[in-house]
file work_39.txt (compact mmCIF, C-alpha atoms)
# COMPACT_ATOMS: atom_id res chain seq x y z
CA ILE A 765 26.88 34.66 -67.62
CA GLU A 766 30.17 32.97 -68.40
CA HIS A 767 32.74 32.75 -65.64
CA GLN A 768 36.09 31.07 -65.09
CA TRP A 769 37.57 29.46 -61.96
CA HIS A 770 40.88 27.57 -61.98
CA LYS A 771 40.98 27.73 -65.79
CA GLN A 772 37.61 25.95 -65.97
CA GLN A 773 34.65 27.45 -67.84
CA PHE A 774 31.23 27.85 -66.21
CA ILE A 775 27.89 29.24 -67.27
CA LEU A 776 25.86 30.83 -64.47
CA SER A 777 22.23 30.50 -65.45
CA HIS A 778 19.50 32.88 -64.35
CA ASN A 779 17.53 29.65 -63.79
CA ARG A 780 19.51 28.94 -60.61
CA VAL A 781 21.99 26.38 -61.88
CA MET A 782 25.60 26.44 -62.99
CA TYR A 783 26.98 24.49 -65.90
CA TRP A 784 30.62 23.39 -65.80
CA GLN A 785 31.45 23.26 -69.49
CA ASN A 786 34.77 21.41 -69.25
CA GLN A 787 33.17 18.49 -67.38
CA LYS A 788 29.70 18.70 -69.00
CA THR A 789 28.34 18.87 -65.46
CA LEU A 790 25.31 20.70 -64.11
CA LEU A 791 25.54 22.02 -60.53
CA VAL A 792 22.43 22.51 -58.39
CA SER A 793 21.56 22.82 -54.72
CA ASP A 794 18.63 22.84 -52.30
CA MET A 795 15.84 21.59 -54.56
CA HIS A 796 13.89 20.16 -51.59
CA ILE A 797 11.84 17.77 -53.72
CA GLY A 798 8.72 16.89 -51.76
CA LYS A 799 8.72 19.99 -49.57
CA THR A 800 5.53 21.55 -50.87
CA GLY A 801 3.71 18.20 -50.70
CA HIS A 802 5.00 17.71 -47.15
CA PHE A 803 3.73 21.15 -46.11
CA ARG A 804 0.41 20.63 -47.86
CA LYS A 805 -0.14 17.36 -45.98
CA ALA A 806 0.45 19.29 -42.76
CA GLY A 807 -2.27 21.78 -43.71
CA ILE A 808 0.06 24.59 -44.76
CA ALA A 809 -1.34 26.19 -47.91
CA ILE A 810 1.46 26.20 -50.47
CA PRO A 811 0.36 26.12 -54.11
CA GLN A 812 1.42 22.93 -55.92
CA GLN A 813 2.64 25.00 -58.87
CA VAL A 814 5.57 26.26 -56.76
CA PHE A 815 7.22 22.86 -56.92
CA GLN A 816 6.02 22.21 -60.47
CA GLU A 817 7.74 25.40 -61.64
CA ASP A 818 10.98 24.54 -59.81
CA LEU A 819 11.07 21.00 -61.18
CA HIS A 820 10.15 22.19 -64.68
CA ARG A 821 12.95 24.78 -64.55
CA PHE A 822 15.41 22.04 -63.51
CA PHE A 823 14.22 19.73 -66.32
CA GLN A 824 14.59 22.60 -68.82
CA GLN A 825 18.17 23.23 -67.73
CA VAL A 826 19.04 19.55 -68.05
CA HIS A 827 17.51 19.56 -71.53
CA LEU A 828 19.31 22.79 -72.49
CA PHE A 829 22.80 21.77 -71.32
CA SER A 830 22.52 17.98 -71.82
CA PRO A 831 24.98 17.26 -69.01
CA LYS A 832 26.69 13.92 -68.57
CA HIS A 833 26.73 14.52 -64.82
CA VAL A 834 24.61 16.44 -62.31
CA ILE A 835 26.13 17.31 -58.92
CA VAL A 836 23.66 18.26 -56.19
CA THR A 837 25.13 19.95 -53.12
CA GLY A 838 22.49 18.79 -50.69
CA ASP A 839 18.84 18.99 -49.80
CA PHE A 840 17.74 17.22 -52.96
CA PHE A 841 14.71 15.61 -51.30
CA HIS A 842 12.90 17.07 -48.32
CA SER A 843 10.43 14.41 -47.21
CA PHE A 844 9.34 10.85 -47.57
CA ALA A 845 7.69 9.75 -50.78
CA ASN A 846 4.81 11.81 -52.14
CA LEU A 847 3.53 12.91 -55.56
CA GLU A 848 6.60 15.11 -56.14
CA HIS A 849 8.86 12.08 -55.70
CA GLU A 850 6.77 10.22 -58.26
CA TRP A 851 7.16 13.05 -60.80
CA PHE A 852 10.91 13.08 -60.29
CA SER A 853 11.09 9.28 -60.50
CA ASN A 854 9.19 9.26 -63.80
CA TRP A 855 11.52 11.92 -65.21
CA ARG A 856 14.54 9.99 -63.94
CA LYS A 857 13.45 6.88 -65.85
CA VAL A 858 13.65 8.92 -69.06
CA LEU A 859 17.12 10.33 -68.24
CA GLY A 860 18.63 7.31 -66.56
CA SER A 861 21.94 7.69 -68.38
CA THR A 862 22.69 11.06 -66.76
CA LYS A 863 24.88 10.47 -63.72
CA ILE A 864 23.60 12.21 -60.57
CA SER A 865 25.83 12.63 -57.51
CA LEU A 866 24.30 13.91 -54.27
CA VAL A 867 26.42 15.36 -51.50
CA LYS A 868 23.97 14.85 -48.64
CA GLY A 869 22.45 17.89 -46.97
CA ASN A 870 20.80 18.42 -43.62
CA HIS A 871 17.30 17.71 -45.01
CA GLU A 872 18.17 14.38 -46.63
CA ILE A 873 15.87 12.07 -44.64
CA LEU A 874 15.58 9.19 -47.09
CA VAL A 875 17.72 6.12 -46.61
CA ASN A 876 20.60 5.86 -49.06
CA SER A 877 18.94 2.95 -50.87
CA ALA A 878 15.99 5.22 -51.83
CA TYR A 879 18.41 7.49 -53.70
CA GLU A 880 20.31 4.58 -55.16
CA ASP A 881 17.02 3.12 -56.47
CA LEU A 882 16.74 6.35 -58.50
CA GLY A 883 20.29 5.93 -59.80
CA ILE A 884 21.67 8.66 -57.55
CA GLU A 885 25.17 8.28 -56.12
CA VAL A 886 25.17 9.28 -52.44
CA ILE A 887 28.17 11.08 -50.94
CA GLU A 888 28.14 11.77 -47.21
CA LYS A 889 30.09 15.01 -46.66
CA GLU A 890 32.18 16.32 -49.54
CA PHE A 891 33.06 15.48 -53.11
CA TYR A 892 36.18 16.38 -55.04
CA LEU A 893 36.35 16.69 -58.80
CA GLY A 894 39.25 18.40 -60.53
CA PRO A 895 40.26 21.59 -58.70
CA PHE A 896 36.90 21.81 -56.87
CA ARG A 897 35.34 20.63 -53.63
CA PHE A 898 31.54 20.31 -53.36
CA SER A 899 29.70 20.25 -50.03
CA HIS A 900 26.33 21.20 -48.62
CA GLU A 901 27.59 23.26 -45.71
CA LEU A 902 30.66 25.44 -45.48
CA LEU A 903 33.29 23.13 -44.01
CA ASN A 904 35.68 24.26 -41.31
CA GLU A 905 38.54 22.45 -42.99
CA LYS A 906 40.20 24.93 -45.33
CA THR A 907 41.88 23.87 -48.51
CA ASP A 908 44.57 25.78 -50.36
CA THR A 909 44.27 23.49 -53.37
CA HIS A 910 40.54 23.37 -54.09
CA PHE A 911 37.90 25.99 -54.78
CA SER A 912 34.76 25.17 -52.75
CA PHE A 913 31.20 25.13 -54.08
CA VAL A 914 28.71 25.20 -51.23
CA GLY A 915 24.93 24.93 -51.10
CA HIS A 916 22.69 25.66 -48.09
CA ILE A 917 23.41 29.36 -47.69
CA LEU A 918 20.01 30.75 -46.79
CA PRO A 919 17.73 32.50 -47.47
CA LEU A 920 17.72 31.23 -51.03
CA LYS A 921 15.24 29.97 -53.53
CA PRO A 922 15.60 26.29 -54.46
CA LEU A 923 18.17 25.56 -57.18
CA PHE A 924 20.26 28.62 -56.42
CA PHE A 925 23.93 27.88 -56.15
CA TYR A 926 26.65 29.72 -54.27
CA SER A 927 30.37 29.28 -54.50
CA LEU A 928 32.77 30.46 -51.85
CA LYS A 929 36.53 30.42 -51.64
CA VAL A 930 37.52 29.11 -48.22
call {"tool": "encode", "arguments": {"input": "work_39.txt", "output": "structure tokens"}}
result
Amino acid sequence: IEHQWHKQQFILSHNRVMYWQNQKTLLVSDMHIGKTGHFRKAGIAIPQQVFQEDLHRFFQQVHLFSPKHVIVTGDFFHSFANLEHEWFSNWRKVLGSTKISLVKGNHEILVNSAYEDLGIEVIEKEFYLGPFRFSHELLNEKTDTHFSFVGHILPLKPLFFYSLKV
């Protein structure tokens, strides 16, 4: 579905991402890489294909849109290193030229250097680009000049993206 905010063109994908055409930027949220592996280690029976399907869907969208930039509004990784991190790391080596910016979420438990080792720019609270503000949680500070894109609104499936005018 094509949509326009502040004279900027977006494609809302049924695969739970948004593509900002003017900036060649893919927007995602709440991937929780490592979550299924973390739960499985704790004895909670979650099929491995759940994560494989989510990561595959993300990879497909990156391939489809060929963005120059990916903005993640939080909860990119969910746990310490496990097999899911390795899969992402291997994929990242192939697409190292794609800039990834992460606005940290409440489940980001890795140290910043772990993200930076993957070529991911870490942003603590909010990120501004053009007429938009990106954050993980809905911020109390209102802005009359920027449209806010916010992740973390639950219950959601990973990679779903919400936008709210605050």
call {"tool": "atom_distance", "arguments": {"input": "work_39.txt", "atom1": "CA of Ile835 in chain A", "atom2": "CA of Ser865 in chain A"}}
result
4.9 Å
call {"tool": "closest_residue", "arguments": {"input": "work_39.txt", "among": "A:Glu880, A:Asp794, A:Glu766, A:Asp818", "to": "Phe840 in chain A", "atoms": "only C-alpha atoms"}}
result
A:Asp794
call {"tool": "closest_residue", "arguments": {"input": "work_39.txt", "among": "A:Glu901, A:Val867, A:Phe829, A:Ser853", "to": "Met782 in chain A", "atoms": "all atoms listed in the file"}}
result
A:Phe829
call {"tool": "residues_near_point", "arguments": {"input": "work_39.txt", "point": "(20.6, 23.9, -72.1)", "cutoff": "12 Å", "atoms": "all atoms listed in the file", "output": "PyMOL selection string"}}
result
chain A and resi 775-779+781-785+788-790+821-831
call {"tool": "residues_around", "arguments": {"input": "work_39.txt", "residues": "Lys857 in chain A", "least_positions_apart": "5", "cutoff": "10 Å", "atoms": "all atoms listed in the file", "output": "list of chain:residue names"}}
result
A:Phe852, A:Leu882, A:Gly883
call {"tool": "atom_distance", "arguments": {"input": "work_39.txt", "atom1": "CA of Ser899 in chain A", "atom2": "CA of Leu866 in chain A"}}
result
9.3 Å
call {"tool": "atom_distance", "arguments": {"input": "work_39.txt", "atom1": "CA of Asn904 in chain A", "atom2": "CA of Ala878 in chain A"}}
result
29.3 Å
call {"tool": "decode", "arguments": {"input": "work_39.txt", "residues": "range 873-889 of chain A", "atoms": "N, CA and C atoms", "output": "PDB file, in the first residue's frame"}}
result
ATOM      1  N   ILE A 873      19.876  -5.794  25.173  1.00  0.00           N
ATOM      2  CA  ILE A 873      20.721  -6.126  26.317  1.00  0.00           C
ATOM      3  C   ILE A 873      22.196  -6.237  25.941  1.00  0.00           C
ATOM      4  N   LEU A 874      22.496  -6.195  24.666  1.00  0.00           N
ATOM      5  CA  LEU A 874      23.891  -6.270  24.240  1.00  0.00           C
ATOM      6  C   LEU A 874      24.576  -4.927  24.490  1.00  0.00           C
ATOM      7  N   VAL A 875      25.862  -4.977  24.719  1.00  0.00           N
ATOM      8  CA  VAL A 875      26.620  -3.735  24.842  1.00  0.00           C
ATOM      9  C   VAL A 875      26.710  -3.096  23.461  1.00  0.00           C
ATOM     10  N   ASN A 876      26.838  -1.785  23.436  1.00  0.00           N
ATOM     11  CA  ASN A 876      26.850  -1.062  22.163  1.00  0.00           C
ATOM     12  C   ASN A 876      27.913  -1.594  21.209  1.00  0.00           C
ATOM     13  N   SER A 877      29.058  -2.018  21.740  1.00  0.00           N
ATOM     14  CA  SER A 877      30.128  -2.504  20.861  1.00  0.00           C
ATOM     15  C   SER A 877      29.717  -3.770  20.105  1.00  0.00           C
ATOM     16  N   ALA A 878      28.814  -4.580  20.665  1.00  0.00           N
ATOM     17  CA  ALA A 878      28.339  -5.779  19.958  1.00  0.00           C
ATOM     18  C   ALA A 878      27.564  -5.388  18.705  1.00  0.00           C
ATOM     19  N   TYR A 879      26.771  -4.325  18.794  1.00  0.00           N
ATOM     20  CA  TYR A 879      26.054  -3.829  17.619  1.00  0.00           C
ATOM     21  C   TYR A 879      27.031  -3.207  16.629  1.00  0.00           C
ATOM     22  N   GLU A 880      27.932  -2.407  17.169  1.00  0.00           N
ATOM     23  CA  GLU A 880      28.891  -1.710  16.310  1.00  0.00           C
ATOM     24  C   GLU A 880      29.774  -2.699  15.559  1.00  0.00           C
ATOM     25  N   ASP A 881      30.083  -3.855  16.181  1.00  0.00           N
ATOM     26  CA  ASP A 881      30.856  -4.901  15.499  1.00  0.00           C
ATOM     27  C   ASP A 881      30.101  -5.438  14.277  1.00  0.00           C
ATOM     28  N   LEU A 882      28.775  -5.328  14.296  1.00  0.00           N
ATOM     29  CA  LEU A 882      27.952  -5.748  13.164  1.00  0.00           C
ATOM     30  C   LEU A 882      27.691  -4.587  12.195  1.00  0.00           C
ATOM     31  N   GLY A 883      28.319  -3.452  12.442  1.00  0.00           N
ATOM     32  CA  GLY A 883      28.128  -2.296  11.573  1.00  0.00           C
ATOM     33  C   GLY A 883      26.794  -1.615  11.795  1.00  0.00           C
ATOM     34  N   ILE A 884      26.292  -1.686  13.031  1.00  0.00           N
ATOM     35  CA  ILE A 884      25.003  -1.081  13.359  1.00  0.00           C
ATOM     36  C   ILE A 884      25.251   0.172  14.189  1.00  0.00           C
ATOM     37  N   GLU A 885      24.729   1.293  13.719  1.00  0.00           N
ATOM     38  CA  GLU A 885      24.814   2.553  14.459  1.00  0.00           C
ATOM     39  C   GLU A 885      23.806   2.488  15.606  1.00  0.00           C
ATOM     40  N   VAL A 886      24.239   2.817  16.816  1.00  0.00           N
ATOM     41  CA  VAL A 886      23.375   2.744  17.992  1.00  0.00           C
ATOM     42  C   VAL A 886      22.960   4.152  18.404  1.00  0.00           C
ATOM     43  N   ILE A 887      21.649   4.337  18.560  1.00  0.00           N
ATOM     44  CA  ILE A 887      21.075   5.614  18.976  1.00  0.00           C
ATOM     45  C   ILE A 887      20.276   5.349  20.249  1.00  0.00           C
ATOM     46  N   GLU A 888      20.503   6.118  21.276  1.00  0.00           N
ATOM     47  CA  GLU A 888      19.945   5.815  22.593  1.00  0.00           C
ATOM     48  C   GLU A 888      18.435   6.015  22.721  1.00  0.00           C
ATOM     49  N   LYS A 889      17.876   7.110  22.268  1.00  0.00           N
ATOM     50  CA  LYS A 889      16.470   7.391  22.579  1.00  0.00           C
ATOM     51  C   LYS A 889      15.612   7.718  21.364  1.00  0.00           C
TER      52      LYS A 889
END
